[in-house]
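Beneath this line is the structure, given in structure tokens, with notes to follow.
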Protein chains: 2
Amino acid sequence: MTVTLADVAARARVSPATVSRVLNGNYPVAAATRERVLRAVDELDYVLNGPASSLAAATSDLVGILVNDIADPFFGIMAGAAQTEIGIQEAPDATGFARADAAGAAEAAGPHAPGAGRRRAGGQKLAVVCNTVGSPERELTYLTLLQRQRAAAVILTGGALEDADHGAAVTAALRRLAAAGTRVVLCGRPPLPDDDVAVAALAFDNRGGGRRLAEHLLALGHRTIGYVAGPLERTTTRHRLEGHREALRAAGLPAAGSGGAQDPLTLHGPYTRRSGYEATRELLRRQPGLTAVVAANDTVALGACAAVRDEGLRIPQDVSVAGFDDLPFSVDATPALTTVRLPLQEAGARAGRLAMGTEAPPPGGIATIGAELMARASTAPPRA
Amino acid sequence: MTVTLADVAARARVSPATVSRVLNGNYPVAAATRERVLRAVDELDYVLNGPASSLAAATSDLVGILVNDIADPFFGIMAGAAQTEIGIQEAPDATGFARADAAGAAEAAGPHAPGAGRRRAGGQKLAVVCNTVGSPERELTYLTLLQRQRAAAVILTGGALEDADHGAAVTAALRRLAAAGTRVVLCGRPPLPDDDVAVAALAFDNRGGGRRLAEHLLALGHRTIGYVAGPLERTTTRHRLEGHREALRAAGLPAAGSGGAQDPLTLHGPYTRRSGYEATRELLRRQPGLTAVVAANDTVALGACAAVRDEGLRIPQDVSVAGFDDLPFSVDATPALTTVRLPLQEAGARAGRLAMGTEAPPPGGIATIGAELMARASTAPPRA
DNA sequence: CTGTTAGCGCGTTCAG
DNA sequence: CTGAACGCGCTAACAG
């Protein structure tokens, strides 16, 4: 019922092999022949059979992008940038014929609606985002599924879970992937213990960002700073918090919880507005002397702002509030949110290129991406 | 080098067919045999070859979810809900299989035995989101790529482009998909002209939402209402605007632009904060008598709020502002944003179930999903 | 319940 | 530059 390569070959009066060569554009074919083939393709509405092609070639054009929460713009921005970088590719260019073929295809687009020529797009990668919902099982499941599909590359984004077992399982899964020829890229996630699994790791300087943010507050004169941290056991959470505490210690402050989990100024919760709201109310209750609240990220900070206000306090006159990530909405908060900017777009795009092999990996396979303090109106000196 | 089904069969001293049956769990296998097979699978770190399997079975476990902008939570929320619904397949049982002696009978009785443990997961669907960036070409490209992969289902989310040629091309692509056995579901997008292509269309009541929002403002006493609309040629844009104007007309107001593009109170732009900001400044300049601004969506509304403030005006005392969608951050705007709630989560989940065939399509294949007015603090009676 | 036999649709040699 | 074989790894009938 469905039309196959052989049908096209018959229609064009050539062998299946020739059709294959035209479609993949990786081997010389006479212009006239190619023309005939392309016409047959259009006339028959032929679409390559991906599975068959992948089976024969032992590779696929699938690229997986794993994110912890697809509804969070933090991941959306990175994934979108990566996807754009990946989908934009042309057919392989090794022999120089790919270009000619692409041009031919465009020309032969014919009477069909715009974009019809795209139908036989060759060398196109299918970049695809997978939502793990922060669940370890789903992360592993997706990794397996992608291995099953013989994915060309896999990009893991965002903080990793710091569970030893899970970490080992992920590393093992990635090693299998890598062994099967899949390129592994980490984006916004710390490098793997094992050096030779990932092509590259682009890590955000969460620690430095956390430190600079705390230094900013200290410089303003704050001495009692609440911290609404992210989920426990996440690298992102830990690094931001460590930077924060580093700065406190350097300033000679109690350096709360230099190990002890008993820090009364730190509360953990998910990356949600609600968590920010509730934790902040709790902090305000516990510590009437609080003059500033730092949130795990901007979304949490929004909740913190709401809590401060509901407590009848003003931002920043009574309490300063700061976030992390600098998502687009942060500048629109009232007052505009002080936060730490992460170049999500650039990082995602770079990860996409690394996954495609379009860009050389950084030295040692590891790059740290800067985190820049954005001091805005939500932070100010504490009231006397 | 990579281990195949045959390797597993040899190790377990059974035929390849038996291994296949164990892995797919769709055919009775003796408990003891299965146990041997599963052990071999684990020992060899075997992972099914997806392409080969798809080729032989003429189906794949890929489900595509197309979104216009993955960085926009509007899409992220829908896609996440759909993906969860799709990936949630029967929980894998890590240890259950090892001692399945007794379970064997029960399992053989059941329809399809549950998928095997994580690594040998069978029957798992790979739900995958594709970012079209609102580009028609990319939309078609993804559709082709998904057809190539013989996707099990495709979900198209969000407003459609109202270009006749593109519409025809998309419909043609979807018809090809449907003909190849792919289930097509529309979510937050109006039905196709052609009735038998999509399994189901879940359309938001954008027109009704727009109408109710305008009625709300009219009831408060507003008579000069600016409208920062979305991109031209998008169904979403048009429907929301039509509802808005319906209400104006019903109230005996000039019913601006009942067709003419010359409405001085309406400006079009992308779904960005910036667009909201600039359009609102422009509207304020043009119409000093303006007492309210309605935005295409919440993100645009945030920009509108900023513009109003930068103009030295207060919200809502001087100018009321309203959005659309009720994204999570809207309630945190200051003042809390009046908007129209769309049940994105529910709609996405339902689309996911329809794509899986887990839920019966609505009568006629079309369902309209309500849009509820959320009157909050950003709208109030105009100043006298 | 299990093994045997054929392909699925395509890429890739190798000749010509 | 083109065609003829072969096999990728797996599932799907059929036997038994």
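Residues are referred to by chain and number: the chain letter is A, B, ... according to the order shown in the structure tokens, the number counts from 1 in that chain, and ligands are numbered separately from 1 in the order shown.
Cα RMSD of chain A against chain B, computed after a least-squares overlay on all Cα atoms in order: 4.4 Å.
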Where does chain A meet chain C within 12 Å, residue by residue, with the nearest atom pair and distance in Å to one decimal for each, counting only C-alpha atoms (C1' of nucleotides), listed by chain and rising number, as a tab-separated table?
```
residue	atom	partner	partner_atom	distance
A:Thr2	CA	C:DG9	C1'	10.9
A:Val3	CA	C:DG9	C1'	10.1
A:Thr4	CA	C:DG9	C1'	7.0
A:Leu5	CA	C:DG9	C1'	7.4
A:Ala6	CA	C:DG9	C1'	8.7
A:Asp7	CA	C:DG9	C1'	11.1
A:Pro16	CA	C:DC10	C1'	8.9
A:Ala17	CA	C:DG11	C1'	8.1
A:Thr18	CA	C:DG11	C1'	10.9
A:Val19	CA	C:DC10	C1'	10.4
A:Ser20	CA	C:DG11	C1'	7.6
A:Arg21	CA	C:DG11	C1'	9.0
A:Leu23	CA	C:DG11	C1'	11.4
A:Asn24	CA	C:DG11	C1'	9.9
A:Asn26	CA	C:DG11	C1'	11.4
A:Tyr27	CA	C:DT12	C1'	11.8
A:Val47	CA	C:DG9	C1'	11.6
A:Leu48	CA	C:DC10	C1'	8.9
A:Asn49	CA	C:DG9	C1'	6.8
A:Gly50	CA	C:DC10	C1'	8.9
A:Pro51	CA	C:DG9	C1'	8.3
A:Ala52	CA	C:DG9	C1'	5.0
A:Ser53	CA	C:DC10	C1'	5.0
A:Ser54	CA	C:DC10	C1'	8.3
A:Leu55	CA	C:DC10	C1'	7.8
A:Ala56	CA	C:DG11	C1'	5.3
A:Ala57	CA	C:DG11	C1'	5.7
A:Ala58	CA	C:DG11	C1'	9.3
A:Thr59	CA	C:DG11	C1'	11.0
```
Just to be explicit: take each residue in the selection above, keep N, CA, C and O atoms, and write the result as a tab-separated table (two decimals), in the first residue's frame.
```tsv
chain	number	residue	atom	x	y	z
A	2	THR	N	1.82	1.28	0.90
A	2	THR	CA	2.68	2.45	0.95
A	2	THR	C	3.74	2.34	-0.14
A	2	THR	O	4.19	1.25	-0.45
A	3	VAL	N	4.11	3.47	-0.67
A	3	VAL	CA	5.06	3.46	-1.77
A	3	VAL	C	6.49	3.35	-1.27
A	3	VAL	O	6.86	3.97	-0.29
A	4	THR	N	7.25	2.53	-1.91
A	4	THR	CA	8.61	2.27	-1.48
A	4	THR	C	9.62	2.76	-2.51
A	4	THR	O	9.26	3.18	-3.61
A	5	LEU	N	10.86	2.64	-2.11
A	5	LEU	CA	11.95	3.03	-2.99
A	5	LEU	C	11.85	2.32	-4.33
A	5	LEU	O	12.10	2.90	-5.40
A	6	ALA	N	11.48	1.08	-4.29
A	6	ALA	CA	11.39	0.29	-5.52
A	6	ALA	C	10.33	0.88	-6.46
A	6	ALA	O	10.52	0.90	-7.69
A	7	ASP	N	9.24	1.33	-5.91
A	7	ASP	CA	8.20	1.94	-6.74
A	7	ASP	C	8.74	3.16	-7.46
A	7	ASP	O	8.50	3.36	-8.65
A	16	PRO	N	16.80	0.72	-7.80
A	16	PRO	CA	16.61	1.25	-6.44
A	16	PRO	C	17.88	1.90	-5.91
A	16	PRO	O	17.81	2.92	-5.23
A	17	ALA	N	18.98	1.33	-6.24
A	17	ALA	CA	20.24	1.88	-5.75
A	17	ALA	C	20.41	3.33	-6.17
A	17	ALA	O	20.84	4.19	-5.41
A	18	THR	N	20.04	3.59	-7.40
A	18	THR	CA	20.18	4.96	-7.91
A	18	THR	C	19.27	5.92	-7.16
A	18	THR	O	19.66	7.03	-6.80
A	19	VAL	N	18.07	5.48	-6.92
A	19	VAL	CA	17.15	6.33	-6.17
A	19	VAL	C	17.75	6.63	-4.80
A	19	VAL	O	17.76	7.78	-4.35
A	20	SER	N	18.26	5.63	-4.17
A	20	SER	CA	18.87	5.81	-2.87
A	20	SER	C	19.98	6.84	-2.96
A	20	SER	O	20.10	7.74	-2.11
A	21	ARG	N	20.78	6.76	-3.99
A	21	ARG	CA	21.90	7.69	-4.13
A	21	ARG	C	21.40	9.12	-4.34
A	21	ARG	O	21.95	10.07	-3.79
A	23	LEU	N	18.58	10.35	-3.30
A	23	LEU	CA	17.97	10.82	-2.06
A	23	LEU	C	19.02	11.19	-1.01
A	23	LEU	O	18.85	12.16	-0.27
A	24	ASN	N	20.06	10.42	-0.95
A	24	ASN	CA	21.05	10.71	0.07
A	24	ASN	C	22.08	11.71	-0.41
A	24	ASN	O	22.85	12.24	0.38
A	26	ASN	N	24.84	11.53	-1.64
A	26	ASN	CA	26.22	11.32	-1.20
A	26	ASN	C	27.02	10.56	-2.25
A	26	ASN	O	28.01	9.92	-1.94
A	27	TYR	N	26.53	10.61	-3.46
A	27	TYR	CA	27.23	9.87	-4.50
A	27	TYR	C	26.84	10.47	-5.83
A	27	TYR	O	25.71	10.90	-6.02
A	47	VAL	N	7.86	9.06	0.61
A	47	VAL	CA	8.59	9.47	1.80
A	47	VAL	C	9.45	8.31	2.26
A	47	VAL	O	8.97	7.20	2.43
A	48	LEU	N	10.70	8.62	2.45
A	48	LEU	CA	11.67	7.61	2.89
A	48	LEU	C	11.18	6.86	4.12
A	48	LEU	O	10.59	7.45	5.00
A	49	ASN	N	11.46	5.60	4.19
A	49	ASN	CA	11.14	4.83	5.38
A	49	ASN	C	12.31	4.92	6.37
A	49	ASN	O	13.35	4.30	6.19
A	50	GLY	N	12.11	5.70	7.40
A	50	GLY	CA	13.16	5.94	8.37
A	50	GLY	C	13.72	4.70	9.02
A	50	GLY	O	14.93	4.48	9.04
A	51	PRO	N	12.87	3.87	9.59
A	51	PRO	CA	13.37	2.66	10.22
A	51	PRO	C	14.20	1.79	9.29
A	51	PRO	O	15.29	1.35	9.66
A	52	ALA	N	13.72	1.59	8.08
A	52	ALA	CA	14.47	0.76	7.14
A	52	ALA	C	15.82	1.39	6.85
A	52	ALA	O	16.85	0.72	6.82
A	53	SER	N	15.77	2.68	6.65
A	53	SER	CA	16.99	3.39	6.36
A	53	SER	C	17.97	3.32	7.52
A	53	SER	O	19.17	3.09	7.35
A	54	SER	N	17.44	3.53	8.71
A	54	SER	CA	18.30	3.48	9.89
A	54	SER	C	18.88	2.08	10.08
A	54	SER	O	20.02	1.91	10.48
A	55	LEU	N	18.06	1.10	9.80
A	55	LEU	CA	18.53	-0.27	9.98
A	55	LEU	C	19.68	-0.56	9.03
A	55	LEU	O	20.73	-1.06	9.42
A	56	ALA	N	19.48	-0.21	7.79
A	56	ALA	CA	20.50	-0.50	6.79
A	56	ALA	C	21.78	0.29	7.06
A	56	ALA	O	22.88	-0.23	6.92
A	57	ALA	N	21.61	1.55	7.42
A	57	ALA	CA	22.77	2.40	7.59
A	57	ALA	C	23.35	2.32	8.99
A	57	ALA	O	24.42	2.85	9.26
A	58	ALA	N	22.62	1.68	9.88
A	58	ALA	CA	23.08	1.54	11.26
A	58	ALA	C	23.25	2.88	11.97
A	58	ALA	O	24.10	3.04	12.82
A	59	THR	N	22.50	3.85	11.51
A	59	THR	CA	22.50	5.14	12.21
A	59	THR	C	21.13	5.76	12.04
A	59	THR	O	20.40	5.41	11.13
```
Self-check item: Residues of stretch 198-231 of chain A in strand (DSSP E), written as number ranges by chain
Solution: A: 200-204, 225-229
Next, dump the selected residues to file, keeping only N, CA and C atoms, as a short mmCIF file (atom, residue, chain, number, x, y, z; two decimals), in the first residue's frame.
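As written to disk, out18.cif reads:
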```cif
data_model
loop_
_atom_site.label_atom_id
_atom_site.label_comp_id
_atom_site.auth_asym_id
_atom_site.auth_seq_id
_atom_site.Cartn_x
_atom_site.Cartn_y
_atom_site.Cartn_z
N ALA A 200 31.22 16.53 25.41
CA ALA A 200 31.49 17.80 26.05
C ALA A 200 30.51 18.05 27.17
N ALA A 201 30.95 18.81 28.14
CA ALA A 201 30.08 19.23 29.23
C ALA A 201 30.15 20.74 29.34
N LEU A 202 28.99 21.38 29.21
CA LEU A 202 28.92 22.82 29.40
C LEU A 202 28.27 23.06 30.75
N ALA A 203 29.06 23.47 31.71
CA ALA A 203 28.53 23.63 33.06
C ALA A 203 28.34 25.11 33.37
N PHE A 204 27.24 25.44 34.01
CA PHE A 204 27.05 26.83 34.44
C PHE A 204 27.83 27.07 35.71
N ILE A 225 20.25 36.85 55.92
CA ILE A 225 19.74 36.56 54.58
C ILE A 225 19.12 35.17 54.54
N GLY A 226 17.84 35.12 54.21
CA GLY A 226 17.18 33.82 54.08
C GLY A 226 17.49 33.20 52.73
N TYR A 227 17.43 31.89 52.65
CA TYR A 227 17.73 31.22 51.38
C TYR A 227 16.68 30.15 51.11
N VAL A 228 15.92 30.34 50.05
CA VAL A 228 14.95 29.32 49.65
C VAL A 228 15.60 28.48 48.57
N ALA A 229 16.12 27.35 48.97
CA ALA A 229 16.90 26.52 48.05
C ALA A 229 16.02 25.60 47.22
#
```
Could you give me, as a tab-separated table, a per-residue list for chain D showing, wherever an atom lies at most 7 Å from an atom of chain A, the closest pair of atoms and their distance in Å to one decimal, using only C-alpha atoms (C1' of nucleotides) and sorting by chain then residue number from low to high?
```
residue	atom	partner	partner_atom	distance
D:DC1	C1'	A:Val29	CA	6.4
D:DG3	C1'	A:Ser15	CA	6.2
D:DC8	C1'	A:Ala56	CA	4.8
```
Exercise. Compile the residues of chain A that lie within 7 Å of chain B, evaluated using only C-alpha atoms, and express the compilation as an MDAnalysis selection string.
Key: chainID A and resid 47:52 54:55 70:73 76:77 80 113:115 118:119 126:131 141 144:145 148:149 302 306 332:334
Selection above as a file: N, CA and C atoms, as a short mmCIF file (atom, residue, chain, number, x, y, z; two decimals), in the first residue's frame:
```
data_model
loop_
_atom_site.label_atom_id
_atom_site.label_comp_id
_atom_site.auth_asym_id
_atom_site.auth_seq_id
_atom_site.Cartn_x
_atom_site.Cartn_y
_atom_site.Cartn_z
N VAL A 47 7.86 9.06 0.61
CA VAL A 47 8.59 9.47 1.80
C VAL A 47 9.45 8.31 2.26
N LEU A 48 10.70 8.62 2.45
CA LEU A 48 11.67 7.61 2.89
C LEU A 48 11.18 6.86 4.12
N ASN A 49 11.46 5.60 4.19
CA ASN A 49 11.14 4.83 5.38
C ASN A 49 12.31 4.92 6.37
N GLY A 50 12.11 5.70 7.40
CA GLY A 50 13.16 5.94 8.37
C GLY A 50 13.72 4.70 9.02
N PRO A 51 12.87 3.87 9.59
CA PRO A 51 13.37 2.66 10.22
C PRO A 51 14.20 1.79 9.29
N ALA A 52 13.72 1.59 8.08
CA ALA A 52 14.47 0.76 7.14
C ALA A 52 15.82 1.39 6.85
N SER A 54 17.44 3.53 8.71
CA SER A 54 18.30 3.48 9.89
C SER A 54 18.88 2.08 10.08
N LEU A 55 18.06 1.10 9.80
CA LEU A 55 18.53 -0.27 9.98
C LEU A 55 19.68 -0.56 9.03
N ILE A 70 9.66 20.61 31.08
CA ILE A 70 9.46 21.29 29.81
C ILE A 70 8.60 22.54 29.96
N ALA A 71 7.86 22.63 31.04
CA ALA A 71 7.00 23.80 31.24
C ALA A 71 7.80 24.97 31.81
N ASP A 72 9.04 24.71 32.18
CA ASP A 72 9.89 25.75 32.74
C ASP A 72 10.73 26.38 31.63
N PRO A 73 10.58 27.68 31.43
CA PRO A 73 11.31 28.34 30.35
C PRO A 73 12.82 28.14 30.45
N GLY A 76 13.04 25.30 28.40
CA GLY A 76 12.49 25.60 27.08
C GLY A 76 13.46 26.41 26.24
N ILE A 77 14.09 27.38 26.86
CA ILE A 77 15.00 28.25 26.13
C ILE A 77 16.22 27.47 25.65
N GLY A 80 15.08 24.92 22.99
CA GLY A 80 14.73 25.57 21.74
C GLY A 80 15.97 25.97 20.96
N ALA A 113 2.38 22.90 -2.93
CA ALA A 113 2.36 24.06 -2.04
C ALA A 113 3.77 24.35 -1.56
N PRO A 114 3.98 25.54 -1.04
CA PRO A 114 5.32 25.93 -0.56
C PRO A 114 5.85 24.90 0.43
N GLY A 115 7.09 24.62 0.31
CA GLY A 115 7.68 23.70 1.26
C GLY A 115 7.61 22.27 0.80
N ARG A 118 10.65 20.23 0.70
CA ARG A 118 11.17 19.75 1.98
C ARG A 118 10.83 18.29 2.22
N ARG A 119 9.91 17.80 1.48
CA ARG A 119 9.41 16.46 1.79
C ARG A 119 10.48 15.40 1.69
N LEU A 126 16.25 14.95 13.30
CA LEU A 126 15.00 15.14 14.03
C LEU A 126 15.35 15.41 15.48
N ALA A 127 15.39 16.68 15.84
CA ALA A 127 15.71 17.03 17.22
C ALA A 127 14.44 17.00 18.04
N VAL A 128 14.54 16.41 19.18
CA VAL A 128 13.37 15.98 19.86
C VAL A 128 13.56 16.16 21.36
N VAL A 129 12.61 16.79 22.04
CA VAL A 129 12.85 16.96 23.46
C VAL A 129 12.03 16.04 24.33
N CYS A 130 12.68 15.48 25.33
CA CYS A 130 12.09 14.49 26.20
C CYS A 130 12.02 15.05 27.62
N ASN A 131 10.85 14.98 28.20
CA ASN A 131 10.59 15.60 29.49
C ASN A 131 10.70 14.57 30.61
N THR A 141 14.65 5.71 31.44
CA THR A 141 13.79 5.16 30.39
C THR A 141 14.03 5.86 29.07
N THR A 144 17.25 4.82 27.52
CA THR A 144 17.14 3.50 26.87
C THR A 144 16.39 3.60 25.55
N LEU A 145 15.29 4.32 25.59
CA LEU A 145 14.51 4.47 24.38
C LEU A 145 15.34 5.10 23.26
N ARG A 148 17.70 2.67 21.92
CA ARG A 148 16.95 1.77 21.06
C ARG A 148 16.81 2.35 19.67
N GLN A 149 16.57 3.64 19.63
CA GLN A 149 16.41 4.30 18.33
C GLN A 149 17.75 4.56 17.68
N LEU A 302 9.55 34.76 42.59
CA LEU A 302 8.24 35.37 42.42
C LEU A 302 7.33 35.01 43.60
N ALA A 306 5.68 37.50 46.58
CA ALA A 306 4.28 37.49 46.99
C ALA A 306 4.16 37.32 48.50
N ASP A 332 10.27 42.05 34.47
CA ASP A 332 8.93 42.61 34.56
C ASP A 332 8.32 42.48 35.94
N ALA A 333 9.00 41.82 36.82
CA ALA A 333 8.47 41.75 38.17
C ALA A 333 8.45 43.17 38.72
N THR A 334 7.66 43.38 39.75
CA THR A 334 7.64 44.71 40.37
C THR A 334 8.05 44.55 41.81
#
```
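Taking atom CA of B:Ala295 and atom CA of A:Val340 as endpoints, the distance between them is 28.7 Å.
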